[in-house]
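Asks: My structure is stored as entry20.pdb, with PDB, C-alpha atoms.
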```
MODEL        1
ATOM      1  CA  MET V1263     163.331-190.268 177.685
ATOM      2  CA  ALA V1264     164.409-188.633 174.433
ATOM      3  CA  LYS V1265     163.056-185.228 173.466
ATOM      4  CA  THR V1266     160.866-185.170 170.386
ATOM      5  CA  PHE V1267     160.228-181.413 170.337
ATOM      6  CA  LYS V1268     162.490-178.572 171.376
ATOM      7  CA  LYS V1269     163.190-174.924 170.701
ATOM      8  CA  PRO V1270     165.325-174.375 167.591
ATOM      9  CA  GLU V1271     168.865-173.216 168.273
ATOM     10  CA  ALA V1272     168.305-170.374 165.809
ATOM     11  CA  LEU V1273     165.628-168.934 168.158
ATOM     12  CA  SER V1274     166.646-166.914 171.215
ATOM     13  CA  ASP V1275     165.064-167.045 174.692
ATOM     14  CA  ALA V1276     163.579-163.549 174.372
ATOM     15  CA  HIS V1277     160.020-163.029 175.601
ATOM     16  CA  THR V1278     157.660-162.089 172.786
ATOM     17  CA  HIS V1279     156.409-158.545 172.293
ATOM     18  CA  TYR V1280     153.757-159.677 169.806
ATOM     19  CA  CYS V1281     150.059-159.441 170.656
ATOM     20  CA  PRO V1282     148.164-162.535 171.857
ATOM     21  CA  GLY V1283     147.166-164.663 168.897
ATOM     22  CA  CYS V1284     149.652-163.052 166.504
ATOM     23  CA  THR V1285     151.187-165.647 164.203
ATOM     24  CA  HIS V1286     154.528-163.893 163.730
ATOM     25  CA  GLY V1287     155.908-166.219 166.379
ATOM     26  CA  VAL V1288     154.875-169.279 164.384
ATOM     27  CA  ILE V1289     156.604-167.924 161.289
ATOM     28  CA  HIS V1290     159.723-167.081 163.317
ATOM     29  CA  ARG V1291     159.870-170.686 164.459
ATOM     30  CA  LEU V1292     159.485-172.038 160.928
ATOM     31  CA  VAL V1293     162.341-169.852 159.694
ATOM     32  CA  ALA V1294     164.502-170.933 162.647
ATOM     33  CA  GLU V1295     163.721-174.614 162.099
ATOM     34  CA  ALA V1296     164.695-174.331 158.437
ATOM     35  CA  ILE V1297     167.952-172.600 159.364
ATOM     36  CA  ASP V1298     168.785-175.303 161.916
ATOM     37  CA  GLU V1299     167.888-178.239 159.700
ATOM     38  CA  LEU V1300     170.015-176.876 156.865
ATOM     39  CA  GLY V1301     172.921-176.046 159.194
ATOM     40  CA  LEU V1302     172.936-172.370 158.233
ATOM     41  CA  ARG V1303     172.928-170.519 161.562
ATOM     42  CA  ASP V1304     176.584-169.450 161.501
ATOM     43  CA  MET V1305     176.345-168.182 157.925
ATOM     44  CA  THR V1306     172.922-166.479 157.916
ATOM     45  CA  VAL V1307     172.098-162.765 158.025
ATOM     46  CA  GLY V1308     168.504-161.619 158.483
ATOM     47  CA  ILE V1309     167.154-158.161 157.674
ATOM     48  CA  ALA V1310     164.491-156.772 160.016
ATOM     49  CA  PRO V1311     161.813-154.405 158.651
ATOM     50  CA  VAL V1312     159.918-151.474 160.074
ATOM     51  CA  GLY V1313     156.619-152.714 161.470
ATOM     52  CA  CYS V1314     155.542-155.340 163.971
ATOM     53  CA  ALA V1315     158.643-157.413 163.184
ATOM     54  CA  VAL V1316     161.003-154.474 163.716
ATOM     55  CA  LEU V1317     162.426-156.361 166.707
ATOM     56  CA  ALA V1318     162.911-159.627 164.810
ATOM     57  CA  TYR V1319     166.612-159.462 165.605
ATOM     58  CA  ASN V1320     165.746-160.141 169.264
ATOM     59  CA  TYR V1321     164.294-163.542 168.439
ATOM     60  CA  PHE V1322     166.995-165.121 166.276
ATOM     61  CA  THR V1323     170.514-166.159 167.197
ATOM     62  CA  CYS V1324     171.935-165.575 163.723
ATOM     63  CA  ASP V1325     173.298-162.194 162.640
ATOM     64  CA  PHE V1326     170.742-159.479 161.904
ATOM     65  CA  GLN V1327     170.613-156.003 160.424
ATOM     66  CA  GLU V1328     167.890-153.343 160.678
ATOM     67  CA  ALA V1329     166.699-151.649 157.492
ATOM     68  CA  ALA V1330     164.872-148.392 156.931
ATOM     69  CA  HIS V1331     161.162-148.720 156.119
ATOM     70  CA  GLY V1332     160.748-150.813 152.972
ATOM     71  CA  ARG V1333     164.466-150.932 152.218
ATOM     72  CA  ALA V1334     165.242-154.468 153.411
ATOM     73  CA  PRO V1335     165.647-155.793 149.825
ATOM     74  CA  ALA V1336     168.227-153.084 149.080
ATOM     75  CA  MET V1337     170.205-153.952 152.212
ATOM     76  CA  ALA V1338     169.934-157.669 151.452
ATOM     77  CA  THR V1339     171.193-157.006 147.925
ATOM     78  CA  GLY V1340     174.253-155.193 149.235
ATOM     79  CA  ILE V1341     175.129-157.868 151.786
ATOM     80  CA  LYS V1342     174.644-160.742 149.359
ATOM     81  CA  ARG V1343     176.678-159.113 146.604
ATOM     82  CA  VAL V1344     179.571-158.334 148.956
ATOM     83  CA  ARG V1345     179.365-161.721 150.705
ATOM     84  CA  PRO V1346     177.792-164.213 148.284
ATOM     85  CA  ASP V1347     178.850-167.028 150.619
ATOM     86  CA  LEU V1348     176.267-165.913 153.190
ATOM     87  CA  ILE V1349     172.598-166.879 153.373
ATOM     88  CA  VAL V1350     170.580-163.639 153.468
ATOM     89  CA  PHE V1351     166.864-163.233 154.102
ATOM     90  CA  THR V1352     164.472-160.348 154.636
ATOM     91  CA  TYR V1353     161.496-160.657 156.976
ATOM     92  CA  GLN V1354     158.846-158.093 156.007
ATOM     93  CA  GLY V1355     155.192-157.274 156.578
ATOM     94  CA  ASP V1356     152.684-156.106 153.982
ATOM     95  CA  GLY V1357     152.995-152.431 154.842
ATOM     96  CA  ASP V1358     156.784-152.595 154.667
ATOM     97  CA  LEU V1359     157.122-154.708 151.516
ATOM     98  CA  ALA V1360     153.965-154.055 149.491
ATOM     99  CA  SER V1361     153.622-150.334 150.179
ATOM    100  CA  ILE V1362     156.713-148.205 150.803
ATOM    101  CA  GLY V1363     158.986-151.078 149.734
ATOM    102  CA  MET V1364     157.128-152.044 146.559
ATOM    103  CA  GLY V1365     159.780-150.645 144.233
ATOM    104  CA  GLU V1366     162.575-152.270 146.214
ATOM    105  CA  ILE V1367     161.145-155.799 146.118
ATOM    106  CA  ILE V1368     160.085-155.659 142.467
ATOM    107  CA  HIS V1369     163.464-154.517 141.219
ATOM    108  CA  ALA V1370     165.388-156.901 143.490
ATOM    109  CA  ALA V1371     163.266-159.777 142.173
ATOM    110  CA  ASN V1372     163.612-158.596 138.580
ATOM    111  CA  ARG V1373     167.398-158.455 138.949
ATOM    112  CA  GLY V1374     167.361-161.974 140.317
ATOM    113  CA  GLU V1375     169.162-161.100 143.543
ATOM    114  CA  LYS V1376     170.094-164.334 145.308
ATOM    115  CA  PHE V1377     168.423-163.710 148.680
ATOM    116  CA  THR V1378     165.198-164.939 150.251
ATOM    117  CA  ALA V1379     162.229-162.721 151.133
ATOM    118  CA  ILE V1380     159.779-163.867 153.809
ATOM    119  CA  PHE V1381     156.628-161.778 153.324
ATOM    120  CA  VAL V1382     154.029-161.749 156.129
ATOM    121  CA  ASN V1383     150.581-160.813 154.836
ATOM    122  CA  ASN V1384     148.026-160.016 157.554
ATOM    123  CA  ALA V1385     146.013-157.541 155.446
ATOM    124  CA  VAL V1386     146.616-154.532 157.704
ATOM    125  CA  TYR V1387     149.270-152.207 159.087
ATOM    126  CA  GLY V1388     149.951-153.681 162.515
ATOM    127  CA  MET V1389     152.442-151.669 164.573
ATOM    128  CA  THR V1390     151.251-148.214 163.514
ATOM    129  CA  GLY V1391     147.632-148.663 164.561
ATOM    130  CA  GLY V1392     145.709-150.800 162.096
ATOM    131  CA  GLN V1393     145.577-148.632 158.981
ATOM    132  CA  MET V1394     144.552-149.968 155.566
ATOM    133  CA  ALA V1395     147.371-151.788 153.782
ATOM    134  CA  PRO V1396     147.830-152.646 150.091
ATOM    135  CA  THR V1397     146.623-156.139 151.037
ATOM    136  CA  THR V1398     143.466-155.078 152.951
ATOM    137  CA  MET V1399     140.367-156.854 151.666
ATOM    138  CA  PRO V1400     137.385-155.097 150.005
ATOM    139  CA  GLY V1401     134.985-153.975 152.708
ATOM    140  CA  GLN V1402     137.501-154.670 155.486
ATOM    141  CA  ARG V1403     137.368-152.044 158.212
ATOM    142  CA  THR V1404     140.570-150.406 159.386
ATOM    143  CA  THR V1405     141.391-147.171 161.174
ATOM    144  CA  THR V1406     141.754-145.412 157.813
ATOM    145  CA  SER V1407     138.813-147.209 156.192
ATOM    146  CA  PRO V1408     136.242-147.243 159.018
ATOM    147  CA  ALA V1409     133.414-147.922 156.562
ATOM    148  CA  GLY V1410     135.391-150.697 154.878
ATOM    149  CA  ARG V1411     137.845-150.612 151.988
ATOM    150  CA  ASP V1412     136.148-149.052 148.975
ATOM    151  CA  ILE V1413     137.739-150.529 145.854
ATOM    152  CA  LEU V1414     136.337-147.713 143.700
ATOM    153  CA  ASP V1415     138.598-145.341 145.622
ATOM    154  CA  THR V1416     141.549-147.545 146.501
ATOM    155  CA  GLY V1417     141.549-150.403 144.014
ATOM    156  CA  MET V1418     141.747-154.102 144.753
ATOM    157  CA  PRO V1419     144.215-155.669 147.215
ATOM    158  CA  ILE V1420     147.618-156.373 145.714
ATOM    159  CA  ARG V1421     148.589-160.029 145.364
ATOM    160  CA  MET V1422     152.369-159.940 145.660
ATOM    161  CA  ALA V1423     153.062-163.577 144.801
ATOM    162  CA  GLU V1424     151.090-163.324 141.573
ATOM    163  CA  LEU V1425     152.634-159.948 140.755
ATOM    164  CA  LEU V1426     156.226-161.130 141.174
ATOM    165  CA  SER V1427     155.557-164.369 139.327
ATOM    166  CA  THR V1428     154.839-162.401 136.149
ATOM    167  CA  LEU V1429     158.468-161.258 136.078
ATOM    168  CA  LYS V1430     160.824-163.325 133.962
ATOM    169  CA  THR V1431     163.809-163.396 136.311
ATOM    170  CA  PRO V1432     162.672-164.616 139.755
ATOM    171  CA  SER V1433     162.328-168.381 139.914
ATOM    172  CA  TYR V1434     160.795-169.407 143.258
ATOM    173  CA  ILE V1435     157.572-167.692 144.290
ATOM    174  CA  ALA V1436     155.223-169.335 146.804
ATOM    175  CA  ARG V1437     152.375-168.471 149.152
ATOM    176  CA  GLN V1438     151.447-170.482 152.234
ATOM    177  CA  ALA V1439     149.649-169.809 155.529
ATOM    178  CA  VAL V1440     149.976-170.467 159.265
ATOM    179  CA  LEU V1441     146.286-170.646 160.156
ATOM    180  CA  ARG V1442     146.088-174.366 160.942
ATOM    181  CA  PRO V1443     148.604-177.228 161.313
ATOM    182  CA  LYS V1444     147.968-178.478 157.777
ATOM    183  CA  TYR V1445     148.972-175.065 156.427
ATOM    184  CA  ILE V1446     151.922-174.654 158.800
ATOM    185  CA  THR V1447     153.509-177.876 157.547
ATOM    186  CA  LYS V1448     153.406-176.627 153.950
ATOM    187  CA  ALA V1449     154.699-173.197 154.967
ATOM    188  CA  LYS V1450     157.718-174.830 156.613
ATOM    189  CA  LYS V1451     158.450-176.803 153.437
ATOM    190  CA  ALA V1452     158.247-173.665 151.290
ATOM    191  CA  ILE V1453     160.575-171.676 153.552
ATOM    192  CA  LYS V1454     163.077-174.521 153.688
ATOM    193  CA  LYS V1455     162.933-174.925 149.916
ATOM    194  CA  ALA V1456     163.563-171.197 149.462
ATOM    195  CA  PHE V1457     166.720-171.425 151.579
ATOM    196  CA  GLN V1458     167.842-174.537 149.716
ATOM    197  CA  TYR V1459     167.578-172.757 146.379
ATOM    198  CA  GLN V1460     169.619-169.893 147.802
ATOM    199  CA  MET V1461     172.245-172.357 149.069
ATOM    200  CA  GLU V1462     172.513-173.634 145.501
ATOM    201  CA  ASN V1463     172.825-170.022 144.262
ATOM    202  CA  ARG V1464     169.973-170.702 141.863
ATOM    203  CA  CYS V1465     167.528-167.819 142.110
ATOM    204  CA  PHE V1466     165.663-165.097 143.978
ATOM    205  CA  THR V1467     163.222-166.746 146.372
ATOM    206  CA  PHE V1468     160.018-165.312 147.835
ATOM    207  CA  VAL V1469     157.634-166.926 150.318
ATOM    208  CA  GLU V1470     154.430-165.086 151.212
ATOM    209  CA  VAL V1471     152.774-166.246 154.429
ATOM    210  CA  VAL V1472     149.119-165.448 155.153
ATOM    211  CA  SER V1473     149.005-164.456 158.804
ATOM    212  CA  THR V1474     146.619-162.932 161.373
ATOM    213  CA  CYS V1475     146.324-159.709 163.362
ATOM    214  CA  PRO V1476     143.634-160.257 166.040
ATOM    215  CA  THR V1477     144.285-156.920 167.750
ATOM    216  CA  ASN V1478     143.836-154.693 164.710
ATOM    217  CA  TRP V1479     141.121-156.874 163.232
ATOM    218  CA  GLY V1480     139.161-156.488 166.476
ATOM    219  CA  MET V1481     138.760-160.247 166.871
ATOM    220  CA  SER V1482     139.739-163.000 169.258
ATOM    221  CA  PRO V1483     142.668-165.192 168.156
ATOM    222  CA  LEU V1484     140.278-168.008 167.228
ATOM    223  CA  GLU V1485     137.956-165.662 165.322
ATOM    224  CA  SER V1486     140.908-164.236 163.416
ATOM    225  CA  LEU V1487     142.014-167.697 162.274
ATOM    226  CA  GLU V1488     138.517-168.495 161.058
ATOM    227  CA  TRP V1489     138.116-165.110 159.347
ATOM    228  CA  ALA V1490     141.473-165.397 157.581
ATOM    229  CA  GLU V1491     140.687-168.878 156.308
ATOM    230  CA  LYS V1492     137.240-167.829 155.104
ATOM    231  CA  THR V1493     138.096-164.389 153.719
ATOM    232  CA  LEU V1494     141.796-164.198 152.856
ATOM    233  CA  LEU V1495     142.537-167.623 151.405
ATOM    234  CA  PRO V1496     139.954-167.456 148.580
ATOM    235  CA  TYR V1497     141.600-164.224 147.377
ATOM    236  CA  TYR V1498     145.155-165.238 148.289
ATOM    237  CA  PRO V1499     145.326-168.865 147.078
ATOM    238  CA  LEU V1500     148.102-171.029 148.450
ATOM    239  CA  GLY V1501     150.728-172.886 146.474
ATOM    240  CA  GLU V1502     153.852-172.473 144.371
ATOM    241  CA  PHE V1503     153.497-169.925 141.600
ATOM    242  CA  LYS V1504     156.928-170.352 140.076
ATOM    243  CA  THR V1505     159.815-172.802 140.545
ATOM    244  CA  PRO V1506     163.231-173.205 138.897
ATOM    245  CA  GLU V1507     162.161-176.632 137.712
ATOM    246  CA  GLN V1508     159.169-175.161 135.884
ATOM    247  CA  GLU V1509     161.410-172.544 134.295
ATOM    248  CA  GLU V1510     163.869-175.193 133.117
ATOM    249  CA  GLN V1511     161.067-177.337 131.736
ATOM    250  CA  ASP V1512     159.527-174.389 129.861
ATOM    251  CA  ALA V1513     162.922-173.512 128.385
ATOM    252  CA  ALA V1514     163.575-177.070 127.191
TER     253      ALA V1514
ENDMDL
END
```
Have the structure of the file written as structure tokens, please.
Replies:
Amino acid sequence: MAKTFKKPEALSDAHTHYCPGCTHGVIHRLVAEAIDELGLRDMTVGIAPVGCAVLAYNYFTCDFQEAAHGRAPAMATGIKRVRPDLIVFTYQGDGDLASIGMGEIIHAANRGEKFTAIFVNNAVYGMTGGQMAPTTMPGQRTTTSPAGRDILDTGMPIRMAELLSTLKTPSYIARQAVLRPKYITKAKKAIKKAFQYQMENRCFTFVEVVSTCPTNWGMSPLESLEWAEKTLLPYYPLGEFKTPEQEEQDAA
């Protein structure tokens, strides 16, 4: 009997260190499937962040580098400029990319660096204990906002896809989710499309993925999926915010 479902070759056999219900593993698989389907494994370099995905290099069989906190876009820029023949991607959480790495990702996008950024948005700092992140929702309780995020003190959550899409240079900006199968399918398509654009040397590509953090949210895995769909998706709408095709059409 033929196999219809198997582990991607771009994924290793390492046992997960992620908490039960964490959707990092789903996103890892989607990235690995895209790499396999495009035949990129022997020419891909990933950049691991500081945060829950700091050990991402354990889960992929392509080459990986480790960046200082928030500096993955700078490292990706260097690798891609020295070796433009490689496929380079960063894998970053909201604390890493949208907080300490905010300047790095904005300027890399504005320069039009030809790498792909996979941005995991779970609305909280995960590895360091559940502190408030730039993406934490109004009223959401964290270890540093025990009474809930007060927007009068801290402002509104930052929407990275919308923010980067206002820049003229970057051409592929998308946000998807991994909360249910119908979302996962679209997330896979967006990630694969981002790599395809990079293969064509067309543009900077950025895919935000709405994820969950049951442990730091203080919820069961099922509750976290329901809460994210009800609370995060209305504020973080899914879809493509910018594509090269739209840019070409607007310029025509």
Asks: If we count all atoms listed in the file and set the cut-off at 8 Å, which residues sit around Phe1466 of chain V, ignoring sequence neighbours fewer than 2 positions away in its own chain? Please answer as a list in words.
Replies: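 Using all atoms listed in the file, the neighbours found are Ala1371, Gly1374, Glu1375, Lys1376, Phe1377, Thr1378, Pro1432, Ser1433, Tyr1434, Gln1460, Arg1464 and Phe1468 of chain V.
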Asks: Can you find the residues with an atom no farther than 7 Å from (174.6, -166.9, 155.7), counting only C-alpha atoms, and report them as a list in words?
Replies: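 With a cut-off of 7 Å, the residues come to Leu1302, Asp1304, Met1305, Thr1306, Val1307, Asp1347, Leu1348, Ile1349 and Val1350 of chain V.
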Asks: Generate a file of the selected residues that holds C-alpha atoms, formatted as a short mmCIF file (atom, residue, chain, number, x, y, z; two decimals), keeping the file's coordinate frame.
Replies:
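See again.cif below for the written result:
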```
data_model
loop_
_atom_site.label_atom_id
_atom_site.label_comp_id
_atom_site.auth_asym_id
_atom_site.auth_seq_id
_atom_site.Cartn_x
_atom_site.Cartn_y
_atom_site.Cartn_z
CA LEU V 1302 172.94 -172.37 158.23
CA ASP V 1304 176.58 -169.45 161.50
CA MET V 1305 176.34 -168.18 157.93
CA THR V 1306 172.92 -166.48 157.92
CA VAL V 1307 172.10 -162.76 158.02
CA ASP V 1347 178.85 -167.03 150.62
CA LEU V 1348 176.27 -165.91 153.19
CA ILE V 1349 172.60 -166.88 153.37
CA VAL V 1350 170.58 -163.64 153.47
#
```
Asks: Which polymer residues have any atom within 12 Å of an atom of Leu1292 of chain V, counting only C-alpha atoms, with same-chain residues fewer than 2 positions away left out, as an NGL selection string?
Replies: :V and (1269-1273 or 1285-1290 or 1294-1299 or 1322 or 1380 or 1438-1440 or 1445-1455 or 1457 or 1469 or 1471)
Asks: Output C-alpha atoms for every residue in the selection just made, as a PDB file, keeping the file's coordinate frame.
Replies:
```pdb
ATOM      1  CA  LYS V1269     163.190-174.924 170.701  1.00  0.00           C
ATOM      2  CA  PRO V1270     165.325-174.375 167.591  1.00  0.00           C
ATOM      3  CA  GLU V1271     168.865-173.216 168.273  1.00  0.00           C
ATOM      4  CA  ALA V1272     168.305-170.374 165.809  1.00  0.00           C
ATOM      5  CA  LEU V1273     165.628-168.934 168.158  1.00  0.00           C
ATOM      6  CA  THR V1285     151.187-165.647 164.203  1.00  0.00           C
ATOM      7  CA  HIS V1286     154.528-163.893 163.730  1.00  0.00           C
ATOM      8  CA  GLY V1287     155.908-166.219 166.379  1.00  0.00           C
ATOM      9  CA  VAL V1288     154.875-169.279 164.384  1.00  0.00           C
ATOM     10  CA  ILE V1289     156.604-167.924 161.289  1.00  0.00           C
ATOM     11  CA  HIS V1290     159.723-167.081 163.317  1.00  0.00           C
ATOM     12  CA  ALA V1294     164.502-170.933 162.647  1.00  0.00           C
ATOM     13  CA  GLU V1295     163.721-174.614 162.099  1.00  0.00           C
ATOM     14  CA  ALA V1296     164.695-174.331 158.437  1.00  0.00           C
ATOM     15  CA  ILE V1297     167.952-172.600 159.364  1.00  0.00           C
ATOM     16  CA  ASP V1298     168.785-175.303 161.916  1.00  0.00           C
ATOM     17  CA  GLU V1299     167.888-178.239 159.700  1.00  0.00           C
ATOM     18  CA  PHE V1322     166.995-165.121 166.276  1.00  0.00           C
ATOM     19  CA  ILE V1380     159.779-163.867 153.809  1.00  0.00           C
ATOM     20  CA  GLN V1438     151.447-170.482 152.234  1.00  0.00           C
ATOM     21  CA  ALA V1439     149.649-169.809 155.529  1.00  0.00           C
ATOM     22  CA  VAL V1440     149.976-170.467 159.265  1.00  0.00           C
ATOM     23  CA  TYR V1445     148.972-175.065 156.427  1.00  0.00           C
ATOM     24  CA  ILE V1446     151.922-174.654 158.800  1.00  0.00           C
ATOM     25  CA  THR V1447     153.509-177.876 157.547  1.00  0.00           C
ATOM     26  CA  LYS V1448     153.406-176.627 153.950  1.00  0.00           C
ATOM     27  CA  ALA V1449     154.699-173.197 154.967  1.00  0.00           C
ATOM     28  CA  LYS V1450     157.718-174.830 156.613  1.00  0.00           C
ATOM     29  CA  LYS V1451     158.450-176.803 153.437  1.00  0.00           C
ATOM     30  CA  ALA V1452     158.247-173.665 151.290  1.00  0.00           C
ATOM     31  CA  ILE V1453     160.575-171.676 153.552  1.00  0.00           C
ATOM     32  CA  LYS V1454     163.077-174.521 153.688  1.00  0.00           C
ATOM     33  CA  LYS V1455     162.933-174.925 149.916  1.00  0.00           C
ATOM     34  CA  PHE V1457     166.720-171.425 151.579  1.00  0.00           C
ATOM     35  CA  VAL V1469     157.634-166.926 150.318  1.00  0.00           C
ATOM     36  CA  VAL V1471     152.774-166.246 154.429  1.00  0.00           C
TER      37      VAL V1471
END
```
Asks: Could you write out as a ChimeraX atom specification the residues that the PyMOL selection byres ((chain V and resi 1482-1497) around 10) matches in the shown file?
Replies: /V:1281-1285,1383-1385,1397-1399,1402,1419,1421,1438-1442,1472-1477,1479-1481,1498-1500
Asks: Which one is closest to Pro1396 of chain V: V:Ala1423, V:Ala1318, V:Met1418, V:Ala1329? Count all atoms listed in the file.
Replies: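 With all atoms listed in the file as the atom set, the closest residue is V:Met1418.
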Asks: Output the residue selection produced by the PyMOL selection byres ((chain V and resi 1353) around 10) on the file above, formatted as a ChimeraX atom specification.
Replies: /V:1289-1290,1293,1308-1312,1315-1316,1318,1334-1335,1351-1352,1354-1355,1358-1359,1378-1382,1469
